[in-house]
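Okay, target31.cif is below, mmCIF, C-alpha atoms and all ligand atoms:
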data_work
loop_
_atom_site.label_atom_id
_atom_site.label_comp_id
_atom_site.auth_asym_id
_atom_site.auth_seq_id
_atom_site.Cartn_x
_atom_site.Cartn_y
_atom_site.Cartn_z
CA MET A 6 -15.77 0.45 -12.01
CA ARG A 7 -12.63 -0.42 -10.17
CA LEU A 8 -11.49 -3.54 -8.45
CA THR A 9 -14.71 -4.32 -6.71
CA GLY A 10 -14.04 -7.98 -6.16
CA HIS A 11 -11.51 -10.70 -5.74
CA PRO A 12 -9.38 -9.33 -2.92
CA ARG A 13 -8.37 -12.85 -2.03
CA SER A 14 -7.20 -13.80 -5.50
CA ARG A 15 -5.36 -10.50 -5.77
CA ARG A 16 -3.53 -11.12 -2.56
CA ARG A 17 -2.58 -14.57 -3.74
CA THR A 18 -1.32 -13.19 -7.05
CA LEU A 19 0.82 -10.73 -5.22
CA THR A 20 2.42 -13.45 -3.15
CA LEU A 21 3.36 -15.10 -6.41
CA ALA A 22 4.60 -11.73 -7.61
CA ALA A 23 6.92 -11.42 -4.64
CA ALA A 24 8.25 -14.88 -5.34
CA ALA A 25 8.82 -14.06 -8.99
CA VAL A 26 10.76 -10.99 -8.00
CA LEU A 27 13.22 -13.11 -6.10
CA ALA A 28 13.20 -16.01 -8.49
CA VAL A 29 15.94 -17.10 -10.82
CA PRO A 30 14.88 -17.06 -14.49
CA ALA A 31 14.05 -20.78 -14.55
CA VAL A 32 11.23 -20.24 -12.07
CA ALA A 33 9.51 -17.59 -14.22
CA VAL A 34 5.80 -18.28 -14.44
CA PRO A 35 5.06 -20.05 -17.72
CA ALA A 36 2.67 -17.39 -18.91
CA ALA A 37 -0.32 -18.42 -20.96
CA VAL A 38 0.89 -16.32 -23.87
CA GLY A 39 0.63 -19.28 -26.20
CA SER A 40 -3.06 -19.62 -25.55
CA ALA A 41 -5.50 -17.66 -27.66
CA GLU A 42 -8.41 -18.69 -25.45
CA PRO A 43 -9.94 -15.99 -23.31
CA SER A 44 -8.44 -16.31 -19.84
CA ALA A 45 -10.08 -15.58 -16.54
CA ALA A 46 -7.57 -12.80 -15.92
CA GLU A 47 -9.06 -9.46 -15.09
CA LEU A 48 -7.41 -6.07 -15.36
CA PRO A 49 -7.27 -3.72 -12.39
CA SER A 50 -9.69 -1.40 -14.24
CA GLY A 51 -11.98 -4.23 -15.29
CA ASN A 52 -11.61 -2.95 -18.86
CA THR A 53 -12.09 -5.24 -21.83
CA ALA A 54 -11.13 -2.92 -24.69
CA TYR A 55 -8.58 -0.22 -25.58
CA ARG A 56 -8.97 3.22 -24.09
CA THR A 57 -9.53 6.42 -26.03
CA LEU A 58 -7.66 9.58 -25.01
CA ALA A 59 -10.79 10.69 -23.12
CA ASP A 60 -10.72 7.37 -21.23
CA TYR A 61 -7.09 7.91 -20.21
CA GLU A 62 -7.82 11.44 -19.03
CA ALA A 63 -10.89 10.31 -17.10
CA ASP A 64 -8.99 7.46 -15.45
CA LEU A 65 -6.10 9.72 -14.42
CA ALA A 66 -8.51 12.32 -13.03
CA GLU A 67 -10.48 9.66 -11.17
CA LEU A 68 -7.36 8.27 -9.50
CA VAL A 69 -6.51 11.74 -8.21
CA ALA A 70 -10.08 12.52 -7.12
CA ASP A 71 -10.58 9.19 -5.34
CA HIS A 72 -7.15 9.02 -3.66
CA PRO A 73 -5.75 12.52 -3.09
CA ASP A 74 -3.48 11.15 -0.34
CA LEU A 75 -1.88 8.71 -2.80
CA VAL A 76 -2.09 10.37 -6.20
CA LYS A 77 -1.41 13.82 -7.55
CA PRO A 78 -1.70 15.02 -11.13
CA ILE A 79 1.18 16.13 -13.36
CA THR A 80 0.82 18.22 -16.48
CA LEU A 81 3.88 18.15 -18.71
CA PRO A 82 5.02 21.65 -19.67
CA TYR A 83 4.85 21.56 -23.47
CA PRO A 84 1.61 21.10 -25.43
CA THR A 85 2.05 18.71 -28.36
CA THR A 86 2.50 19.93 -31.94
CA SER A 87 -1.28 19.88 -32.36
CA GLY A 88 -1.86 21.59 -29.02
CA ARG A 89 -2.80 18.60 -26.88
CA THR A 90 -1.85 18.27 -23.22
CA VAL A 91 0.30 15.43 -21.92
CA ARG A 92 -0.76 14.24 -18.47
CA GLY A 93 0.37 11.85 -15.82
CA VAL A 94 0.24 11.15 -12.11
CA GLU A 95 2.59 10.78 -9.17
CA ILE A 96 1.84 7.96 -6.77
CA SER A 97 3.24 7.60 -3.26
CA THR A 98 2.18 7.39 0.36
CA ASN A 99 1.40 10.95 1.44
CA VAL A 100 2.02 12.02 -2.14
CA THR A 101 1.87 15.79 -1.63
CA ALA A 102 4.71 15.76 0.91
CA ASP A 103 8.14 16.95 -0.22
CA ASP A 104 9.89 13.91 1.18
CA GLY A 105 12.90 13.29 -1.08
CA LYS A 106 11.96 9.65 -1.79
CA PRO A 107 13.65 7.83 -4.67
CA VAL A 108 11.66 7.88 -7.91
CA PHE A 109 10.57 5.37 -10.56
CA VAL A 110 9.42 6.99 -13.83
CA ASP A 111 7.26 4.77 -16.04
CA VAL A 112 5.92 5.94 -19.41
CA GLY A 113 3.98 4.45 -22.30
CA MET A 114 3.45 5.16 -25.93
CA HIS A 115 6.46 6.94 -27.34
CA HIS A 116 5.03 5.25 -30.41
CA GLY A 117 1.40 6.27 -30.86
CA ASN A 118 0.31 3.01 -32.49
CA GLU A 119 1.66 0.73 -29.74
CA PHE A 120 -1.63 0.73 -27.81
CA PRO A 121 -0.76 -2.04 -25.34
CA SER A 122 2.14 0.04 -24.01
CA GLY A 123 -0.28 2.73 -22.82
CA GLU A 124 -2.78 0.23 -21.46
CA LEU A 125 -0.21 -1.69 -19.41
CA THR A 126 1.21 1.56 -18.03
CA MET A 127 -2.21 2.89 -17.04
CA GLU A 128 -3.34 -0.41 -15.55
CA PHE A 129 -0.21 -0.56 -13.38
CA ALA A 130 -0.97 2.92 -12.00
CA ILE A 131 -4.54 1.89 -11.14
CA ASP A 132 -3.33 -1.38 -9.67
CA LEU A 133 -0.76 0.29 -7.40
CA VAL A 134 -3.26 2.82 -6.11
CA GLU A 135 -6.07 0.33 -5.54
CA ARG A 136 -3.77 -2.08 -3.73
CA ALA A 137 -2.29 0.68 -1.59
CA ALA A 138 -5.76 2.00 -0.77
CA ALA A 139 -6.80 -1.52 0.22
CA GLY A 140 -3.83 -1.71 2.60
CA ASP A 141 -1.88 -4.33 0.69
CA ARG A 142 1.39 -4.32 2.63
CA SER A 143 3.57 -5.51 -0.25
CA VAL A 144 2.58 -2.35 -2.11
CA THR A 145 2.36 0.14 0.76
CA ARG A 146 5.85 -0.75 1.98
CA LEU A 147 7.15 0.20 -1.48
CA LEU A 148 5.10 3.40 -1.72
CA ASP A 149 6.25 4.36 1.78
CA ARG A 150 9.82 4.32 0.47
CA ALA A 151 9.51 5.45 -3.15
CA ARG A 152 7.54 7.62 -5.54
CA VAL A 153 6.17 6.49 -8.90
CA VAL A 154 5.63 8.86 -11.82
CA VAL A 155 3.38 7.48 -14.55
CA VAL A 156 2.68 9.06 -17.95
CA PRO A 157 0.70 6.49 -19.97
CA VAL A 158 0.62 8.37 -23.30
CA VAL A 159 3.64 10.57 -24.03
CA ASN A 160 2.95 10.84 -27.77
CA VAL A 161 -0.66 11.99 -27.55
CA ASP A 162 -0.98 13.21 -31.15
CA GLY A 163 0.38 9.94 -32.48
CA PHE A 164 -2.00 7.99 -30.25
CA VAL A 165 -5.04 9.96 -31.36
CA ARG A 166 -4.16 9.26 -35.00
CA GLY A 167 -3.01 5.67 -34.39
CA ARG A 168 0.40 6.52 -35.85
CA ARG A 169 3.91 5.76 -34.64
CA GLN A 170 5.20 9.29 -35.21
CA THR A 171 4.25 12.70 -33.82
CA ASP A 172 2.30 15.24 -35.86
CA THR A 173 5.55 16.51 -37.42
CA ASN A 174 6.13 12.94 -38.63
CA THR A 175 8.96 12.54 -36.14
CA ASP A 176 9.68 9.35 -34.26
CA MET A 177 9.94 10.60 -30.67
CA ASN A 178 12.32 7.79 -29.91
CA ARG A 179 14.82 9.08 -32.50
CA ASN A 180 14.66 12.73 -31.39
CA TYR A 181 16.56 12.66 -28.06
CA GLY A 182 19.79 14.60 -28.33
CA LEU A 183 22.52 12.17 -27.29
CA GLY A 184 24.02 10.51 -30.37
CA TRP A 185 21.22 12.01 -32.52
CA LEU A 186 21.46 11.78 -36.31
CA PRO A 187 19.33 13.53 -38.94
CA ILE A 188 17.62 10.35 -40.16
CA SER A 189 14.28 10.76 -41.95
CA THR A 190 12.21 10.33 -38.77
CA GLY A 191 14.67 11.94 -36.35
CA GLY A 192 13.05 15.38 -36.43
CA ALA A 193 14.49 18.65 -37.69
CA ALA A 194 17.04 18.85 -34.87
CA PRO A 195 17.79 17.09 -31.59
CA TRP A 196 14.96 17.86 -29.16
CA SER A 197 12.93 19.53 -31.93
CA GLU A 198 9.69 17.95 -30.68
CA PRO A 199 7.66 19.28 -27.73
CA GLU A 200 6.85 15.68 -26.79
CA THR A 201 10.56 14.88 -26.45
CA ARG A 202 11.20 18.08 -24.51
CA ASN A 203 8.45 17.01 -22.09
CA MET A 204 10.43 13.87 -21.37
CA GLU A 205 13.64 15.89 -21.05
CA TRP A 206 11.88 18.06 -18.47
CA LEU A 207 10.45 15.08 -16.59
CA LEU A 208 13.74 13.21 -16.30
CA SER A 209 15.81 16.36 -15.67
CA THR A 210 13.71 17.32 -12.65
CA ARG A 211 12.87 13.97 -11.00
CA GLN A 212 16.13 12.23 -10.01
CA ALA A 213 14.70 8.99 -11.38
CA VAL A 214 16.52 5.95 -10.03
CA VAL A 215 14.75 3.76 -12.61
CA PHE A 216 13.17 4.90 -15.88
CA ASN A 217 11.06 2.54 -17.97
CA THR A 218 9.66 3.24 -21.42
CA GLN A 219 7.11 0.67 -22.52
CA HIS A 220 6.78 -0.50 -26.15
CA THR A 221 5.48 -3.28 -28.42
CA CYS A 222 6.01 -5.63 -30.20
CA ILE A 223 9.03 -7.82 -29.55
CA GLN A 224 10.01 -9.81 -26.47
CA VAL A 225 12.98 -7.81 -25.14
CA VAL A 226 14.10 -5.62 -22.28
CA LEU A 227 16.72 -3.22 -23.64
CA TYR A 228 19.29 -1.04 -21.93
CA PRO A 229 21.92 1.43 -23.25
CA PRO A 230 23.85 1.85 -25.45
CA LEU A 231 22.05 2.10 -28.79
CA GLN A 232 25.14 1.62 -30.92
CA LEU A 233 27.85 -1.02 -30.88
CA GLU A 234 30.66 1.50 -31.36
CA ALA A 235 29.66 3.15 -28.07
CA GLY A 236 30.78 0.09 -26.12
CA PRO A 237 29.20 -1.12 -22.89
CA ALA A 238 27.68 1.34 -20.44
CA GLN A 239 29.67 1.96 -17.24
CA ASP A 240 26.79 0.50 -15.24
CA VAL A 241 26.29 -2.48 -17.54
CA ASP A 242 26.20 -4.92 -14.63
CA ARG A 243 23.38 -3.08 -12.86
CA LEU A 244 21.52 -2.48 -16.11
CA HIS A 245 21.80 -6.09 -17.20
CA ALA A 246 20.82 -7.42 -13.78
CA LEU A 247 17.59 -5.42 -13.71
CA ALA A 248 16.78 -6.05 -17.40
CA SER A 249 17.28 -9.78 -17.08
CA GLU A 250 15.23 -10.00 -13.92
CA VAL A 251 12.42 -8.17 -15.70
CA ALA A 252 12.76 -10.28 -18.86
CA SER A 253 12.53 -13.49 -16.83
CA ILE A 254 9.29 -12.29 -15.28
CA TYR A 255 7.65 -11.71 -18.68
CA GLY A 256 8.50 -15.20 -19.80
CA PRO A 257 11.09 -17.59 -21.20
CA GLY A 258 11.01 -15.99 -24.67
CA TYR A 259 12.12 -12.59 -23.37
CA LYS A 260 15.73 -11.45 -23.69
CA ALA A 261 17.67 -8.75 -21.84
CA LEU A 262 20.06 -6.98 -24.21
CA PRO A 263 21.95 -3.78 -24.83
CA SER A 264 19.75 -1.93 -27.32
CA ALA A 265 22.60 -1.99 -29.88
CA GLU A 266 22.48 -5.80 -30.03
CA ASP A 267 18.80 -5.80 -30.96
CA TYR A 268 19.24 -3.29 -33.76
CA GLU A 269 21.21 -0.05 -33.80
CA THR A 270 19.35 3.25 -33.61
CA THR A 271 20.01 6.88 -32.70
CA GLY A 272 18.51 9.48 -30.40
CA GLU A 273 16.49 7.18 -28.12
CA ALA A 274 15.16 7.99 -24.68
CA ILE A 275 17.17 5.47 -22.67
CA ASP A 276 20.57 6.53 -23.99
CA TRP A 277 20.19 10.19 -23.10
CA ALA A 278 18.41 9.31 -19.83
CA TYR A 279 21.19 7.03 -18.59
CA TYR A 280 24.17 9.09 -19.71
CA ALA A 281 22.64 12.34 -18.38
CA THR A 282 21.25 11.13 -15.06
CA ARG A 283 22.83 7.72 -14.43
CA GLY A 284 19.35 6.39 -13.67
CA LEU A 285 18.75 2.79 -14.80
CA ALA A 286 16.97 3.28 -18.12
CA LEU A 287 15.10 0.44 -19.82
CA THR A 288 13.02 -0.01 -22.97
CA THR A 289 10.56 -2.81 -22.24
CA GLU A 290 8.90 -4.38 -25.28
CA THR A 291 6.12 -6.90 -24.85
CA CYS A 292 4.64 -9.07 -27.56
CA PRO A 293 2.74 -12.37 -27.76
CA ASP A 294 4.71 -15.45 -28.82
CA ALA A 295 5.28 -15.95 -32.54
CA GLY A 296 2.15 -17.19 -34.29
CA VAL A 297 -0.24 -15.90 -31.63
CA PRO A 298 -2.69 -13.32 -33.00
CA ARG A 299 -2.11 -9.81 -31.67
CA THR A 300 -5.36 -8.91 -29.93
CA TYR A 301 -6.36 -6.95 -26.82
CA GLN A 302 -6.66 -10.30 -25.09
CA THR A 303 -3.14 -11.48 -25.98
CA GLN A 304 -1.38 -8.11 -25.72
CA VAL A 305 -3.00 -6.63 -22.63
CA LEU A 306 -5.06 -9.09 -20.58
CA ASP A 307 -2.76 -12.09 -20.98
CA VAL A 308 0.43 -10.19 -20.14
CA TYR A 309 -0.81 -7.89 -17.40
CA ASP A 310 0.02 -10.09 -14.39
CA GLU A 311 3.61 -10.47 -15.57
CA HIS A 312 3.76 -6.76 -16.39
CA ARG A 313 2.69 -5.85 -12.88
CA ASP A 314 5.37 -8.07 -11.38
CA ALA A 315 7.95 -6.59 -13.74
CA MET A 316 7.01 -3.05 -12.73
CA LEU A 317 7.03 -3.96 -9.03
CA THR A 318 10.58 -5.24 -9.56
CA MET A 319 11.55 -1.89 -11.07
CA LEU A 320 9.89 -0.08 -8.17
CA GLU A 321 11.68 -2.33 -5.68
CA THR A 322 14.96 -1.48 -7.43
CA ALA A 323 14.20 2.25 -7.30
CA ALA A 324 13.60 1.91 -3.56
CA ASP A 325 16.92 0.10 -2.99
CA PRO A 326 19.48 2.42 -1.31
CA ASP A 327 22.30 0.73 -3.28
CA GLN A 328 20.79 2.19 -6.47
CA TYR A 329 20.82 5.90 -5.57
CA ALA A 330 22.72 8.51 -3.59
CA VAL A 331 21.53 10.44 -0.55
CA ILE A 332 22.06 14.03 0.53
CA GLU A 333 21.02 14.61 4.11
CA GLY A 334 21.26 17.32 6.71
CA GLN A 335 19.39 19.82 8.78
CA GLY A 336 18.23 23.14 7.42
CA PRO A 337 15.63 25.70 8.39
CA LYS A 338 12.03 24.53 8.09
CA GLY A 339 10.45 26.27 5.10
CA ALA A 340 13.71 26.69 3.18
CA VAL A 341 13.95 25.40 -0.39
CA LEU A 342 16.88 23.16 -1.27
CA ARG A 343 17.86 22.90 -4.91
CA VAL A 344 20.40 20.65 -6.60
CA THR A 345 21.50 21.49 -10.12
CA LYS A 346 24.14 20.72 -12.65
CA ALA A 347 24.47 21.68 -16.30
CA PHE A 348 26.70 20.14 -18.94
CA ASP A 349 27.05 19.87 -22.69
CA MET A 350 26.22 16.67 -24.52
CA TYR A 351 26.69 15.81 -28.20
CA THR A 352 24.94 14.27 -31.15
CA SER A 353 26.70 11.89 -33.51
CA PRO A 354 28.76 13.66 -36.18
CA TYR A 355 26.68 14.59 -39.24
CA LEU A 356 26.87 16.88 -42.25
CA GLN A 357 26.32 20.45 -41.04
CA PRO A 358 24.98 23.34 -43.17
CA ASP A 359 28.54 24.69 -43.63
CA GLY A 360 29.60 21.43 -45.29
CA ALA A 361 31.63 20.10 -42.37
CA THR A 362 30.81 16.85 -40.61
CA ARG A 363 30.77 17.25 -36.85
CA PRO A 364 28.47 16.75 -33.85
CA SER A 365 26.07 19.42 -32.59
CA SER A 366 26.08 20.22 -28.91
CA PHE A 367 23.18 20.78 -26.55
CA THR A 368 23.06 21.59 -22.87
CA THR A 369 21.38 19.31 -20.38
CA THR A 370 20.43 20.98 -17.12
CA LEU A 371 19.41 18.74 -14.25
CA GLY A 372 17.64 20.46 -11.37
CA SER A 373 15.35 19.34 -8.56
CA ASP A 374 14.11 21.02 -5.44
CA LEU A 375 12.95 19.99 -2.01
CA THR A 376 11.17 22.17 0.52
CA ILE A 377 12.21 21.39 4.08
CA GLU A 378 8.97 20.43 5.79
CA SER A 379 9.91 18.74 9.03
CA ARG A 380 9.79 20.81 12.17
CA ASN A 381 13.37 20.02 13.15
CA GLY A 382 14.57 20.80 9.62
CA LYS A 383 16.04 17.35 9.02
CA PHE A 384 15.88 16.01 5.50
CA GLU A 385 17.03 12.97 3.56
CA TRP A 386 17.03 13.35 -0.20
CA ALA A 387 17.46 10.51 -2.68
CA VAL A 388 19.31 11.82 -5.74
CA ASN A 389 21.15 10.42 -8.71
CA PRO A 390 24.90 10.07 -8.12
CA SER A 391 26.88 13.21 -8.94
CA TYR A 392 29.41 11.13 -10.91
CA ARG A 393 28.20 11.09 -14.51
CA PRO A 394 29.17 8.33 -16.98
CA ILE A 395 31.28 9.62 -19.86
CA PRO A 396 29.32 8.97 -23.06
CA ALA A 397 30.81 7.89 -26.37
CA TYR A 398 29.47 11.00 -28.10
CA GLN A 399 32.00 13.79 -27.67
CA GLU A 400 32.65 17.26 -29.08
CA ASP A 401 35.06 15.81 -31.66
CA GLY A 402 33.23 12.63 -32.56
CA VAL A 403 32.51 9.17 -31.23
CA HIS A 404 34.95 7.68 -28.72
CA GLY A 405 33.48 4.40 -27.61
CA PHE A 406 34.27 2.03 -24.75
CA GLN A 407 34.48 4.76 -22.11
CA THR A 408 34.91 3.47 -18.58
CA GLY A 409 35.13 6.68 -16.58
CA PHE A 410 32.85 9.20 -14.92
CA TYR A 411 32.86 12.98 -14.84
CA GLU A 412 33.54 14.25 -11.34
CA GLU A 413 30.82 16.81 -11.44
CA PRO A 414 29.36 17.85 -8.09
CA TRP A 415 25.76 18.72 -7.50
CA ILE A 416 25.47 22.44 -6.76
CA LEU A 417 23.19 22.54 -3.74
CA THR A 418 21.60 25.84 -2.76
CA CYS A 419 19.60 26.59 0.35
CA GLU A 420 17.09 29.33 -0.43
CA ARG A 421 14.29 31.39 0.97
CA PRO A 422 10.93 30.54 -0.64
CA ASP A 423 11.32 33.76 -2.70
CA GLY A 424 14.46 32.32 -4.31
CA THR A 425 17.07 34.29 -2.34
CA VAL A 426 20.11 32.02 -2.11
CA LEU A 427 21.43 31.86 1.46
CA GLN A 428 24.10 29.18 1.05
CA THR A 429 25.70 27.19 -1.75
CA VAL A 430 27.44 23.86 -1.24
CA GLU A 431 29.08 21.50 -3.75
CA VAL A 432 28.19 17.88 -3.12
CA ASN A 433 30.00 14.85 -4.51
CA VAL A 434 28.03 11.74 -3.76
CA ASP A 435 28.24 8.31 -5.37
CA LEU A 436 25.90 5.37 -5.73
CA GLY A 437 24.91 3.87 -2.38
CA GLU A 438 26.55 6.74 -0.49
CA SER A 439 25.02 9.22 1.88
CA VAL A 440 26.59 12.66 2.36
CA THR A 441 25.66 15.05 5.16
CA VAL A 442 25.75 18.73 4.23
CA ASP A 443 26.34 21.42 6.83
CA LEU A 444 23.65 24.09 6.44
CA LYS A 445 24.46 26.17 9.54
CA GLU A 446 24.99 29.28 7.43
CA CYS A 447 21.56 28.86 5.82
CA ARG A 448 19.89 28.28 9.17
CA ARG A 449 21.49 31.42 10.62
CA LYS A 450 20.60 33.65 7.68
CA PHE A 451 17.11 32.20 7.22
CA HIS A 452 16.02 33.27 10.69
CA ARG A 453 17.73 36.68 10.56
CA THR A 454 15.25 39.50 10.01
CA ARG A 455 15.65 40.94 6.57
CA PRO A 456 16.82 44.57 6.29
ZN ZN B 1 7.98 1.35 -29.93
#

Final structure tokens representation of the file:
Amino acid sequence: MRLTGHPRSRRRTLTLAAAAVLAVPAVAVPAAVGSAEPSAAELPSGNTAYRTLADYEADLAELVADHPDLVKPITLPYPTTSGRTVRGVEISTNVTADDGKPVFVDVGMHHGNEFPSGELTMEFAIDLVERAAAGDRSVTRLLDRARVVVVPVVNVDGFVRGRRQTDTNTDMNRNYGLGWLPISTGGAAPWSEPETRNMEWLLSTRQAVVFNTQHTCIQVVLYPPLQLEAGPAQDVDRLHALASEVASIYGPGYKALPSAEDYETTGEAIDWAYYATRGLALTTETCPDAGVPRTYQTQVLDVYDEHRDAMLTMLETAADPDQYAVIEGQGPKGAVLRVTKAFDMYTSPYLQPDGATRPSSFTTTLGSDLTIESRNGKFEWAVNPSYRPIPAYQEDGVHGFQTGFYEEPWILTCERPDGTVLQTVEVNVDLGESVTVDLKECRRKFHRTRP
């Protein structure tokens, strides 16, 4: 059963949510996290207990089946070590359109034993869809402008076994390539795990303006970098602003911090995600206050209202034109536009098989496409800025406190649907900027009869 009742109370809650989004930290709702009493709060699903994997799959399928205009399924490309499929959904107004909207990627359960992280992620997806379907303007105006990608359980094998690690005993959140080190749970090599490569694929193809990975159990919202010697991220002001807004929504005990100041780690999702894409990448950890028993009630039900408001803030940020770049123009209807770039990134230095200590390199390839669907061929495409922050991890070791960006244009191709490239343009575009590309050559060739 879904959201059969209480439309009035939901609307009221959302008004509060909008206020919280704008509020300064002091106004954050004093959440009832200290109370162990059952509250009257109800989840969007109406659930009262943790889901199984079958429950997640059924809920994702039901969202798609019930709301095909708002929800479409995603299957991540790599089966897990034990052969399981990782699934998610995309949510937006007119979701099947290729409309170039900015994207918010939200995932749960890198750690398979952090059950609330999957629940909160799944509940937010249901909540968004049900509110949009009910015509709630505060949600539809966001879904008109942005697209949400939700994958509630990224470490499916770990979840099924109730274990933090994957089935190769690897901590997914130590297996991302940037700054990777061969620690005991880091995996055999950077990106050795299919679950991590799924995330690499997702974030390399989606132009995510905001990426959130949900965890338990501390009260923090973390942003890059993972290590003190890396120094502050180039976009530290934007990262801190979003993280602290989100932290204030969860409650007065929550802190917004660079991940390194919580404790230092290696090979985590947010570091690679930010330094590769320049999307705002956050690790959100929820937990009841100290001394409160960790139950479904305290970890899911009692925090859900704040979680929804936190996620709406991230979605609002993803939809903000100051937080992404735009490529626009006019091409032939039916043509496929593609933006790509490929670059090398590096692990931390470590002892290699030949006895030398040095980093390993790996190539990150970003690539997204957009089919021109409008009759007049006009398009507007929200992308990550082409200027990429220089990371501390370099070919010859760690050089922290970088302040610069690589000037590294998007390579934009205009193609026939069969992949024939008709025109190639280099596009430099920065945060908050919009660049118009001239696709006359593509238009001319597209309509010319082929020999
Ligand atoms: Zn975790």

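With all atoms listed in the file as the atoms that count, the set of residues no farther than 6 Å from ligand ZN 1 (chain B) is His116, His220 and Thr221 of chain A.
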
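The space between atom CA of Thr175 of chain A and atom CA of Pro293 of chain A spans 27.0 Å.
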
Can you write out as a tab-separated table which residues of segment 37-94 of chain A fall within 9 Å of segment 127-147 of chain A, alongside each residue's closest atom pair and its distance in Å to one decimal, counting all atoms listed in the file and ordering rows by chain and ascending residue number?
residue	atom	partner	partner_atom	distance
A:Leu48	CA	A:Glu128	CA	7.0
A:Pro49	CA	A:Asp132	CA	5.3
A:Ser50	CA	A:Glu128	CA	6.6
A:Tyr61	CA	A:Met127	CA	7.7
A:Asp64	CA	A:Met127	CA	8.3
A:Leu65	CA	A:Met127	CA	8.3
A:Leu68	CA	A:Ile131	CA	7.2
A:His72	CA	A:Ala138	CA	7.7
A:Leu75	CA	A:Val134	CA	6.9
A:Val76	CA	A:Val134	CA	7.6
A:Val94	CA	A:Ala130	CA	8.3

One-decimal distance in Å that lies between atom CA of Leu81 of chain A and atom CA of Met204 of chain A: 8.3 Å

Polymer residues at most 8 Å from Asp435 of chain A, all atoms listed in the file, same-chain spacing of 6 or more positions, as number ranges by chain: A: 329-330, 390-392

Create the file for the chosen residues now, containing C-alpha atoms and written as a tab-separated table (two decimals), in the coordinates of the input.
chain	number	residue	atom	x	y	z
A	329	TYR	CA	20.82	5.90	-5.57
A	330	ALA	CA	22.72	8.51	-3.59
A	390	PRO	CA	24.90	10.07	-8.12
A	391	SER	CA	26.88	13.21	-8.94
A	392	TYR	CA	29.41	11.13	-10.91

Segment 235-252 of chain A environment, 6 Å, all atoms listed in the file, sequence neighbours closer than 2 positions dropped, as a ChimeraX atom specification: /A:226,232-233,254-255,259-261,315,397,405-406,408

Please report, as a tab-separated table, each residue of segment 264-347 of chain A lying at most 6 Å from segment 373-376 of chain A, together with the nearest pair of atoms and the separation in Å rounded to one decimal; use only C-alpha atoms, and order rows by chain and ascending residue number.
residue	atom	partner	partner_atom	distance
A:Ala340	CA	A:Thr376	CA	5.8
A:Val341	CA	A:Thr376	CA	4.4
A:Leu342	CA	A:Leu375	CA	5.1
A:Arg343	CA	A:Asp374	CA	4.2
A:Val344	CA	A:Ser373	CA	5.6

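With distances restricted to all atoms listed in the file, A:Val388 is the closest residue to Val331 of chain A from A:Val388, A:Val153, A:Val159, A:Ile416.
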
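Across A:Cys292, A:Leu417, A:Val305, A:Val156, the tightest approach to Cys222 of chain A is made by A:Cys292 when counting only C-alpha atoms.
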
Point (24.5, 19.8, -12.7), cut-off 9 Å, counting only C-alpha atoms, residues as a ChimeraX atom specification: /A:344-348,369-372,391,413-416

Surrounding residues of Glu95 of chain A excluding itself and chain neighbours under 3 positions, 7 Å, all atoms listed in the file, as a ChimeraX atom specification: /A:76-79,152-155

A:Arg202, A:Arg179, A:Lys106, A:Arg169 ranked by distance to Thr85 of chain A, top pick (using all atoms listed in the file): A:Arg202

Exercise: residues within 6 Å of coordinate (7.4, 4.3, -20.6), counting all atoms listed in the file, as a VMD selection string: chain A and resid 111 to 113 217 to 219
